[in-house]
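Heads up: the structure comes next, in structure tokens.
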Number of protein chains: 2
Amino acid sequence: VSAVISAEDRGFTLGDGVFDTALALNGRMFAHERHVGRLLDAAQTLGIAVDRRRIEDALDAALTTAPTILRTTLTRGVAARGLWPASVGEPTVLVTTSPWSPALLGQAARLVTATGRRNEFSPTANLKTLNYLDHILAAREAAAAGVDDALILNTQGRVACTTIANVFALIDGTLVTPPLSEGCLPGIIRALVIEMAPALGFKVEERPLLPETLAGADAMFLTNSVRFLRPVTALDGRELAGHPATNQLVTALKARLAAECGTPSTLI
Amino acid sequence: VSAVISAEDRGFTLGDGVFDTALALNGRMFAHERHVGRLLDAAQTLGIAVDRRRIEDALDAALTTAPTILRTTLTRGVAARGLWPASVGEPTVLVTTSPWSPALLGQAARLVTATGRRNEFSPTANLKTLNYLDHILAAREAAAAGVDDALILNTQGRVACTTIANVFALIDGTLVTPPLSEGCLPGIIRALVIEMAPALGFKVEERPLLPETLAGADAMFLTNSVRFLRPVTALDGRELAGHPATNQLVTALKARLAAECGTPSTLI
């Protein structure tokens, strides 16, 4: 909590880094390999040469038995001014923790559509970077509207994501989610839902989603690593129907968490 | 140089802030009111309530008689996790300094066009935010190509800016620069060139610029607060002609600097 970083860390001066948010229960990190692998892939895309060992050690040091949100931040390190300086120090690796509660799993969400657009033509469109200001402003719009999150469209006006989650729609028995080329993040729970859905009787398709299509969907839900899956109950003031599919998926994700990390007394 | 900030500062965790870069000579900051005013305007857009006095005091404390680059960083402050938390501490204000040399003024630049696109539909498109990762990757492309900077197009394929500068083209005796709606920053030197050009005999127009139009321009140059004006001598490997207009403008900007801040022995 009282950790400090250099004011010349490029994470602070230029947002030059990425991060990851994951759950831990009973001293075990959920979907560990997927989370660390995604962070290392992002580092490689950005040209940040970090040793996996440093990330694993920082995670190990942060793990406790309490239900925890682990945030791993990775930046290019400390450097003199300039966007691409001749030399940069060692990458910064920092893991911070916050308490997590199983009560967060599966809570419903109400949405508004954000004014700003997400840039699917950005080289970082699929990376969980430190550049969250546009999503912060969208979250502020959601707060001003008294709802939980904001739907963000890409520059072509198609569905990208929310400020902190991937988006799924249930359409004629098929789970539809935008492909990464629409500008969304490769969410870990997004990937798990795509993998698990067929065994639960759902077809899954990654294809572009228009806001109008969402409006006509049988159900809409959000996925992220802290809440797993949130049914969306309202979009821009219009109520959306619920659907048993979302409960099935929440149950399956909880079972997956229990299988990997064990169960806290409050989970079941 | 050894300043530290909290690892929970939202500038570090989420890029939740803005910055400003300005020159100082003889203990006087160039275009002081424009720089501080722009920073305060950005803070207001982001909903960061900062007292002007704090910024002025931090600048005063950083000023010396040496030629200096002043970087003022303003963030929303320290907070618990979450994009829009219920409470946030006081905004963080930090001024850091780097040495500046008058030799930087007017140096020519060679450019490549960056792969990624800048998002003119972003609510922060006209703010100098801490979210610089896309421009860092563009600067990396420039470095890989052995040139000085990268031209960045917006999502419609029109000219927005470079990684660190505004763009001007001289076309049939008119200085053309993209309007802010194209996604560029409201550069201080950009504004000064727009204001000063008529007295030097140039018409100025803010209008969208296609890359093809740049290729046929009589001259192209970049503006920013550290180098003022850089003639562009090559774009994507093709040489561009020079033009006396750029020297006229550099001379006028140097005179403006001297009038406001005095002259270092190396300036004239």
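Order determines the names: the first chain of the structure tokens is A, the second B, and so forth; residues in each chain are numbered 1 upward, and ligands are numbered 1 upward as they are shown.
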(message) Need to verify the contact set: B:Leu153, 6 Å, only C-alpha atoms, exclusion of same-chain residues closer than 6 positions in sequence. Can you return it as a PyMOL selection string?
(response) chain B and resi 117+159-160
So that I have them on file, write out the residues from the current selection with C-alpha atoms, as a compact mmCIF listing (two decimals), in the first residue's frame.
```txt
# COMPACT_ATOMS: atom_id res chain seq x y z
CA ARG B 117 -3.71 5.42 -36.22
CA VAL B 159 -2.78 13.75 -41.11
CA ALA B 160 -3.09 14.19 -37.33
```
(request) Using DSSP on the backbone coordinates, identify the residues of stretch 20-218 of chain B assigned to strand (DSSP E or B); present them as a VMD selection string. (result) chain B and resid 20 to 25 28 to 29 68 to 75 78 92 to 99 109 to 118 129 149 to 154 159 to 162 166 to 171 174 to 177 203 to 206
Emit the selected residues as a PDB file, in the first residue's frame, including C-alpha atoms.
```pdb
ATOM      1  CA  ASP B  20       2.887  19.956 -20.181  1.00  0.00           C
ATOM      2  CA  THR B  21       6.337  20.596 -21.577  1.00  0.00           C
ATOM      3  CA  ALA B  22       7.691  24.132 -21.754  1.00  0.00           C
ATOM      4  CA  LEU B  23      10.969  25.988 -22.042  1.00  0.00           C
ATOM      5  CA  ALA B  24      12.501  28.287 -19.466  1.00  0.00           C
ATOM      6  CA  LEU B  25      15.382  30.696 -19.932  1.00  0.00           C
ATOM      7  CA  ARG B  28      11.354  32.783 -17.071  1.00  0.00           C
ATOM      8  CA  MET B  29       8.984  30.244 -18.580  1.00  0.00           C
ATOM      9  CA  THR B  68      15.559  24.276 -18.969  1.00  0.00           C
ATOM     10  CA  ILE B  69      12.795  22.011 -20.168  1.00  0.00           C
ATOM     11  CA  LEU B  70      10.028  22.111 -17.568  1.00  0.00           C
ATOM     12  CA  ARG B  71       7.706  19.142 -17.438  1.00  0.00           C
ATOM     13  CA  THR B  72       4.571  19.630 -15.350  1.00  0.00           C
ATOM     14  CA  THR B  73       2.663  16.449 -14.566  1.00  0.00           C
ATOM     15  CA  LEU B  74      -0.833  16.573 -13.099  1.00  0.00           C
ATOM     16  CA  THR B  75      -2.699  13.429 -12.049  1.00  0.00           C
ATOM     17  CA  VAL B  78      -3.905   8.434  -5.126  1.00  0.00           C
ATOM     18  CA  THR B  92      -0.610  15.109  -7.788  1.00  0.00           C
ATOM     19  CA  VAL B  93       1.404  18.042  -9.173  1.00  0.00           C
ATOM     20  CA  LEU B  94       5.024  17.443 -10.095  1.00  0.00           C
ATOM     21  CA  VAL B  95       7.449  19.607 -12.049  1.00  0.00           C
ATOM     22  CA  THR B  96      10.657  17.988 -13.278  1.00  0.00           C
ATOM     23  CA  THR B  97      13.424  19.657 -15.229  1.00  0.00           C
ATOM     24  CA  SER B  98      15.880  18.642 -17.935  1.00  0.00           C
ATOM     25  CA  PRO B  99      18.629  20.697 -19.547  1.00  0.00           C
ATOM     26  CA  ALA B 109      13.653  16.074 -39.179  1.00  0.00           C
ATOM     27  CA  ARG B 110      13.192  12.999 -41.334  1.00  0.00           C
ATOM     28  CA  LEU B 111       9.907  11.096 -40.930  1.00  0.00           C
ATOM     29  CA  VAL B 112       8.262   7.783 -41.608  1.00  0.00           C
ATOM     30  CA  THR B 113       4.523   7.242 -41.476  1.00  0.00           C
ATOM     31  CA  ALA B 114       3.507   5.184 -38.444  1.00  0.00           C
ATOM     32  CA  THR B 115       1.453   2.013 -38.811  1.00  0.00           C
ATOM     33  CA  GLY B 116      -1.004   2.803 -36.001  1.00  0.00           C
ATOM     34  CA  ARG B 117      -3.706   5.419 -36.216  1.00  0.00           C
ATOM     35  CA  ARG B 118      -4.629   8.213 -33.825  1.00  0.00           C
ATOM     36  CA  THR B 129      -2.533  13.110 -21.500  1.00  0.00           C
ATOM     37  CA  ASP B 149       9.963  11.129 -35.839  1.00  0.00           C
ATOM     38  CA  ALA B 150       6.849   9.427 -37.186  1.00  0.00           C
ATOM     39  CA  LEU B 151       3.887  10.973 -38.970  1.00  0.00           C
ATOM     40  CA  ILE B 152       0.627   9.736 -37.438  1.00  0.00           C
ATOM     41  CA  LEU B 153      -2.618   9.583 -39.399  1.00  0.00           C
ATOM     42  CA  ASN B 154      -6.068   9.537 -37.839  1.00  0.00           C
ATOM     43  CA  VAL B 159      -2.779  13.752 -41.105  1.00  0.00           C
ATOM     44  CA  ALA B 160      -3.093  14.193 -37.333  1.00  0.00           C
ATOM     45  CA  CYS B 161       0.386  14.934 -35.961  1.00  0.00           C
ATOM     46  CA  THR B 162       3.739  13.310 -35.299  1.00  0.00           C
ATOM     47  CA  ASN B 166       2.007  19.370 -34.834  1.00  0.00           C
ATOM     48  CA  VAL B 167       2.285  19.321 -38.613  1.00  0.00           C
ATOM     49  CA  PHE B 168       2.186  22.223 -41.087  1.00  0.00           C
ATOM     50  CA  ALA B 169       2.409  22.214 -44.871  1.00  0.00           C
ATOM     51  CA  LEU B 170       3.079  25.174 -47.126  1.00  0.00           C
ATOM     52  CA  ILE B 171       0.726  24.876 -50.109  1.00  0.00           C
ATOM     53  CA  THR B 174      -0.747  29.119 -47.559  1.00  0.00           C
ATOM     54  CA  LEU B 175       0.276  27.443 -44.320  1.00  0.00           C
ATOM     55  CA  VAL B 176      -2.085  24.519 -43.774  1.00  0.00           C
ATOM     56  CA  THR B 177      -2.406  22.597 -40.511  1.00  0.00           C
ATOM     57  CA  LYS B 203      -2.141  32.945 -45.102  1.00  0.00           C
ATOM     58  CA  VAL B 204      -3.002  30.209 -42.595  1.00  0.00           C
ATOM     59  CA  GLU B 205      -5.766  27.636 -42.882  1.00  0.00           C
ATOM     60  CA  GLU B 206      -6.812  24.914 -40.491  1.00  0.00           C
TER      61      GLU B 206
END
```
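Atom CA of A:Glu8 is found 8.2 Å from atom CA of A:Gly77.
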(message) Taking only C-alpha atoms into account and nothing else, which residues of chain B lie no more than 7 Å away from chain A? Please answer as a PyMOL selection string.
(response) chain B and resi 2-7+11-16+83-84+116-119+121-124+130-134+136+139-140+155
File dump, residues just selected, N, CA, C and O atoms, as a compact mmCIF listing (two decimals), in the first residue's frame:
```
# COMPACT_ATOMS: atom_id res chain seq x y z
N SER B 2 15.33 12.42 -8.04
CA SER B 2 15.08 11.27 -7.17
C SER B 2 13.66 11.30 -6.59
O SER B 2 13.37 10.60 -5.65
N ALA B 3 12.79 12.11 -7.20
CA ALA B 3 11.41 12.18 -6.69
C ALA B 3 10.72 10.84 -6.85
O ALA B 3 10.98 10.10 -7.80
N VAL B 4 9.86 10.52 -5.90
CA VAL B 4 9.06 9.31 -6.01
C VAL B 4 7.59 9.67 -5.89
O VAL B 4 7.24 10.74 -5.37
N ILE B 5 6.75 8.80 -6.39
CA ILE B 5 5.31 8.97 -6.24
C ILE B 5 4.74 7.65 -5.72
O ILE B 5 5.36 6.60 -5.84
N SER B 6 3.54 7.73 -5.20
CA SER B 6 2.88 6.53 -4.71
C SER B 6 2.60 5.57 -5.87
O SER B 6 2.19 6.00 -6.95
N ALA B 7 2.79 4.29 -5.61
CA ALA B 7 2.44 3.28 -6.62
C ALA B 7 0.93 3.21 -6.83
O ALA B 7 0.47 2.56 -7.76
N GLY B 11 -1.92 8.35 -11.95
CA GLY B 11 -1.07 8.59 -13.11
C GLY B 11 -0.30 7.35 -13.48
O GLY B 11 -0.12 7.02 -14.66
N PHE B 12 0.15 6.62 -12.46
CA PHE B 12 0.91 5.39 -12.67
C PHE B 12 0.00 4.20 -12.99
O PHE B 12 0.27 3.42 -13.90
N THR B 13 -1.09 4.07 -12.25
CA THR B 13 -1.91 2.86 -12.41
C THR B 13 -2.77 2.88 -13.67
O THR B 13 -3.04 1.84 -14.26
N LEU B 14 -3.22 4.07 -14.08
CA LEU B 14 -4.21 4.15 -15.16
C LEU B 14 -3.94 5.26 -16.18
O LEU B 14 -4.77 5.51 -17.05
N GLY B 15 -2.82 5.94 -16.05
CA GLY B 15 -2.56 7.05 -16.97
C GLY B 15 -3.55 8.18 -16.78
O GLY B 15 -3.84 8.92 -17.73
N ASP B 16 -4.06 8.34 -15.56
CA ASP B 16 -5.13 9.29 -15.30
C ASP B 16 -4.58 10.68 -15.00
O ASP B 16 -4.58 11.14 -13.85
N LEU B 83 -11.94 2.21 -11.85
CA LEU B 83 -11.78 3.31 -12.80
C LEU B 83 -12.37 4.61 -12.26
O LEU B 83 -11.85 5.69 -12.53
N TRP B 84 -13.48 4.50 -11.52
CA TRP B 84 -14.12 5.72 -11.01
C TRP B 84 -14.47 5.50 -9.54
O TRP B 84 -15.63 5.35 -9.17
N GLY B 116 0.21 2.61 -36.80
CA GLY B 116 -1.00 2.80 -36.00
C GLY B 116 -1.67 4.12 -36.33
O GLY B 116 -1.07 5.02 -36.92
N ARG B 117 -2.93 4.22 -35.94
CA ARG B 117 -3.71 5.42 -36.22
C ARG B 117 -4.10 6.11 -34.92
O ARG B 117 -4.34 5.45 -33.92
N ARG B 118 -4.18 7.44 -34.98
CA ARG B 118 -4.63 8.21 -33.83
C ARG B 118 -6.14 8.37 -33.88
O ARG B 118 -6.72 8.58 -34.94
N ASN B 119 -6.77 8.30 -32.71
CA ASN B 119 -8.23 8.27 -32.60
C ASN B 119 -8.82 9.66 -32.43
O ASN B 119 -8.90 10.18 -31.32
N PHE B 121 -11.79 10.31 -32.54
CA PHE B 121 -13.09 10.16 -31.87
C PHE B 121 -12.94 9.92 -30.37
O PHE B 121 -13.89 9.57 -29.69
N SER B 122 -11.71 10.09 -29.88
CA SER B 122 -11.46 9.91 -28.45
C SER B 122 -11.80 11.19 -27.70
O SER B 122 -11.52 12.29 -28.19
N PRO B 123 -12.36 11.06 -26.49
CA PRO B 123 -12.64 12.27 -25.70
C PRO B 123 -11.37 12.98 -25.25
O PRO B 123 -11.44 14.10 -24.76
N THR B 124 -10.22 12.32 -25.41
CA THR B 124 -8.96 12.94 -25.00
C THR B 124 -8.07 13.27 -26.21
O THR B 124 -6.89 13.55 -26.05
N LEU B 130 -1.33 11.50 -20.19
CA LEU B 130 -0.22 10.58 -19.87
C LEU B 130 -0.30 9.30 -20.72
O LEU B 130 0.54 8.44 -20.57
N ASN B 131 -1.27 9.21 -21.59
CA ASN B 131 -1.46 7.99 -22.40
C ASN B 131 -0.67 8.09 -23.69
O ASN B 131 -1.21 8.35 -24.77
N TYR B 132 0.63 7.84 -23.62
CA TYR B 132 1.50 8.06 -24.77
C TYR B 132 1.97 6.78 -25.44
O TYR B 132 2.87 6.80 -26.29
N LEU B 133 1.39 5.64 -25.06
CA LEU B 133 1.96 4.38 -25.54
C LEU B 133 1.90 4.24 -27.06
O LEU B 133 2.85 3.77 -27.68
N ASP B 134 0.80 4.65 -27.68
CA ASP B 134 0.72 4.53 -29.13
C ASP B 134 1.80 5.39 -29.81
O ASP B 134 2.40 4.98 -30.81
N ILE B 136 4.63 6.19 -28.42
CA ILE B 136 5.91 5.53 -28.13
C ILE B 136 6.18 4.46 -29.18
O ILE B 136 7.30 4.35 -29.70
N ALA B 139 7.21 6.12 -32.27
CA ALA B 139 8.59 6.61 -32.15
C ALA B 139 9.58 5.45 -32.32
O ALA B 139 10.67 5.61 -32.88
N ARG B 140 9.18 4.28 -31.85
CA ARG B 140 10.02 3.10 -32.01
C ARG B 140 10.13 2.73 -33.50
O ARG B 140 11.19 2.33 -33.98
N THR B 155 -7.92 7.94 -37.82
CA THR B 155 -8.56 6.70 -38.26
C THR B 155 -9.14 6.83 -39.67
O THR B 155 -9.42 5.83 -40.32
```
(request) Determine, counting only C-alpha atoms, which protein, DNA and RNA residues have an atom within 7 Å of an atom of A:Gly27; residues of the same chain fewer than 5 positions away are not included. Present the result as an MDAnalysis selection string. (result) chainID A and resid 63:65
Would you save the residues from that selection as a compact mmCIF listing (two decimals), in the first residue's frame, using C-alpha atoms?
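Wrote it out as out-v8.txt, contents follow:
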```txt
# COMPACT_ATOMS: atom_id res chain seq x y z
CA LEU A 63 -0.11 -14.28 -2.50
CA THR A 64 -1.87 -14.91 0.80
CA THR A 65 -4.68 -17.28 1.69
```
(request) Would you please give, as a ChimeraX atom specification, all residues of stretch 93-265 of chain B that DSSP assigns to alpha helix (DSSP H) based on the backbone? (result) /B:133-144,188-196,211-215,244-261
Just the selected residues (C-alpha atoms), exported as a PDB file, in the first residue's frame, please.
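New file out_13.pdb:
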```
ATOM      1  CA  LEU B 133       1.958   4.384 -25.538  1.00  0.00           C
ATOM      2  CA  ASP B 134       0.722   4.533 -29.134  1.00  0.00           C
ATOM      3  CA  HIS B 135       3.078   7.411 -29.837  1.00  0.00           C
ATOM      4  CA  ILE B 136       5.908   5.529 -28.127  1.00  0.00           C
ATOM      5  CA  LEU B 137       5.358   2.636 -30.530  1.00  0.00           C
ATOM      6  CA  ALA B 138       5.345   5.082 -33.438  1.00  0.00           C
ATOM      7  CA  ALA B 139       8.593   6.606 -32.151  1.00  0.00           C
ATOM      8  CA  ARG B 140      10.018   3.097 -32.014  1.00  0.00           C
ATOM      9  CA  GLU B 141       9.084   2.639 -35.692  1.00  0.00           C
ATOM     10  CA  ALA B 142      10.898   5.891 -36.477  1.00  0.00           C
ATOM     11  CA  ALA B 143      13.978   4.731 -34.577  1.00  0.00           C
ATOM     12  CA  ALA B 144      13.910   1.380 -36.388  1.00  0.00           C
ATOM     13  CA  ILE B 188       1.413  26.178 -28.068  1.00  0.00           C
ATOM     14  CA  ILE B 189       3.859  26.713 -30.938  1.00  0.00           C
ATOM     15  CA  ARG B 190       1.139  25.653 -33.375  1.00  0.00           C
ATOM     16  CA  ALA B 191      -1.010  28.486 -31.991  1.00  0.00           C
ATOM     17  CA  LEU B 192       1.882  30.962 -32.145  1.00  0.00           C
ATOM     18  CA  VAL B 193       2.640  30.075 -35.779  1.00  0.00           C
ATOM     19  CA  ILE B 194      -1.038  30.521 -36.676  1.00  0.00           C
ATOM     20  CA  GLU B 195      -1.008  33.932 -34.988  1.00  0.00           C
ATOM     21  CA  MET B 196       2.362  35.143 -36.288  1.00  0.00           C
ATOM     22  CA  PRO B 211      -0.882  12.390 -46.903  1.00  0.00           C
ATOM     23  CA  GLU B 212      -0.888  12.847 -50.701  1.00  0.00           C
ATOM     24  CA  THR B 213      -1.293  16.591 -50.225  1.00  0.00           C
ATOM     25  CA  LEU B 214       1.756  16.648 -47.949  1.00  0.00           C
ATOM     26  CA  ALA B 215       3.748  14.932 -50.680  1.00  0.00           C
ATOM     27  CA  PRO B 244      12.734  30.034 -46.852  1.00  0.00           C
ATOM     28  CA  ALA B 245       9.381  30.262 -45.022  1.00  0.00           C
ATOM     29  CA  THR B 246      10.588  27.837 -42.385  1.00  0.00           C
ATOM     30  CA  ASN B 247      13.663  29.964 -41.643  1.00  0.00           C
ATOM     31  CA  GLN B 248      11.505  33.077 -41.399  1.00  0.00           C
ATOM     32  CA  LEU B 249       9.262  31.386 -38.879  1.00  0.00           C
ATOM     33  CA  VAL B 250      12.178  29.984 -36.839  1.00  0.00           C
ATOM     34  CA  THR B 251      13.680  33.466 -36.688  1.00  0.00           C
ATOM     35  CA  ALA B 252      10.363  34.978 -35.612  1.00  0.00           C
ATOM     36  CA  LEU B 253       9.894  32.339 -32.899  1.00  0.00           C
ATOM     37  CA  LYS B 254      13.453  32.891 -31.621  1.00  0.00           C
ATOM     38  CA  ALA B 255      12.752  36.607 -31.452  1.00  0.00           C
ATOM     39  CA  ARG B 256       9.596  35.907 -29.489  1.00  0.00           C
ATOM     40  CA  LEU B 257      11.541  33.709 -27.066  1.00  0.00           C
ATOM     41  CA  ALA B 258      14.195  36.387 -26.653  1.00  0.00           C
ATOM     42  CA  ALA B 259      11.552  39.050 -26.062  1.00  0.00           C
ATOM     43  CA  GLU B 260       9.854  36.995 -23.364  1.00  0.00           C
ATOM     44  CA  CYS B 261      12.795  35.302 -21.692  1.00  0.00           C
TER      45      CYS B 261
END
```
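For the residues B:Ser181, B:Ala61, B:Glu33, B:Pro102, ranking by smallest atom-to-atom distance to B:Arg227 using only C-alpha atoms places B:Pro102 first.
Taking atom CA of A:Leu210 as the reference point, atom CA of A:Leu105 is found at 27.0 Å.
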(message) Just the number, please: distance in Å from atom CA of B:Ala241 to atom CA of B:Ala108, one decimal.
(response) 11.6 Å
(request) Write out as a PyMOL selection string which residues come within 9 Å of B:Gly242 when counting only C-alpha atoms, dropping same-chain ones fewer than 6 positions away. (result) chain B and resi 218-220+231-233
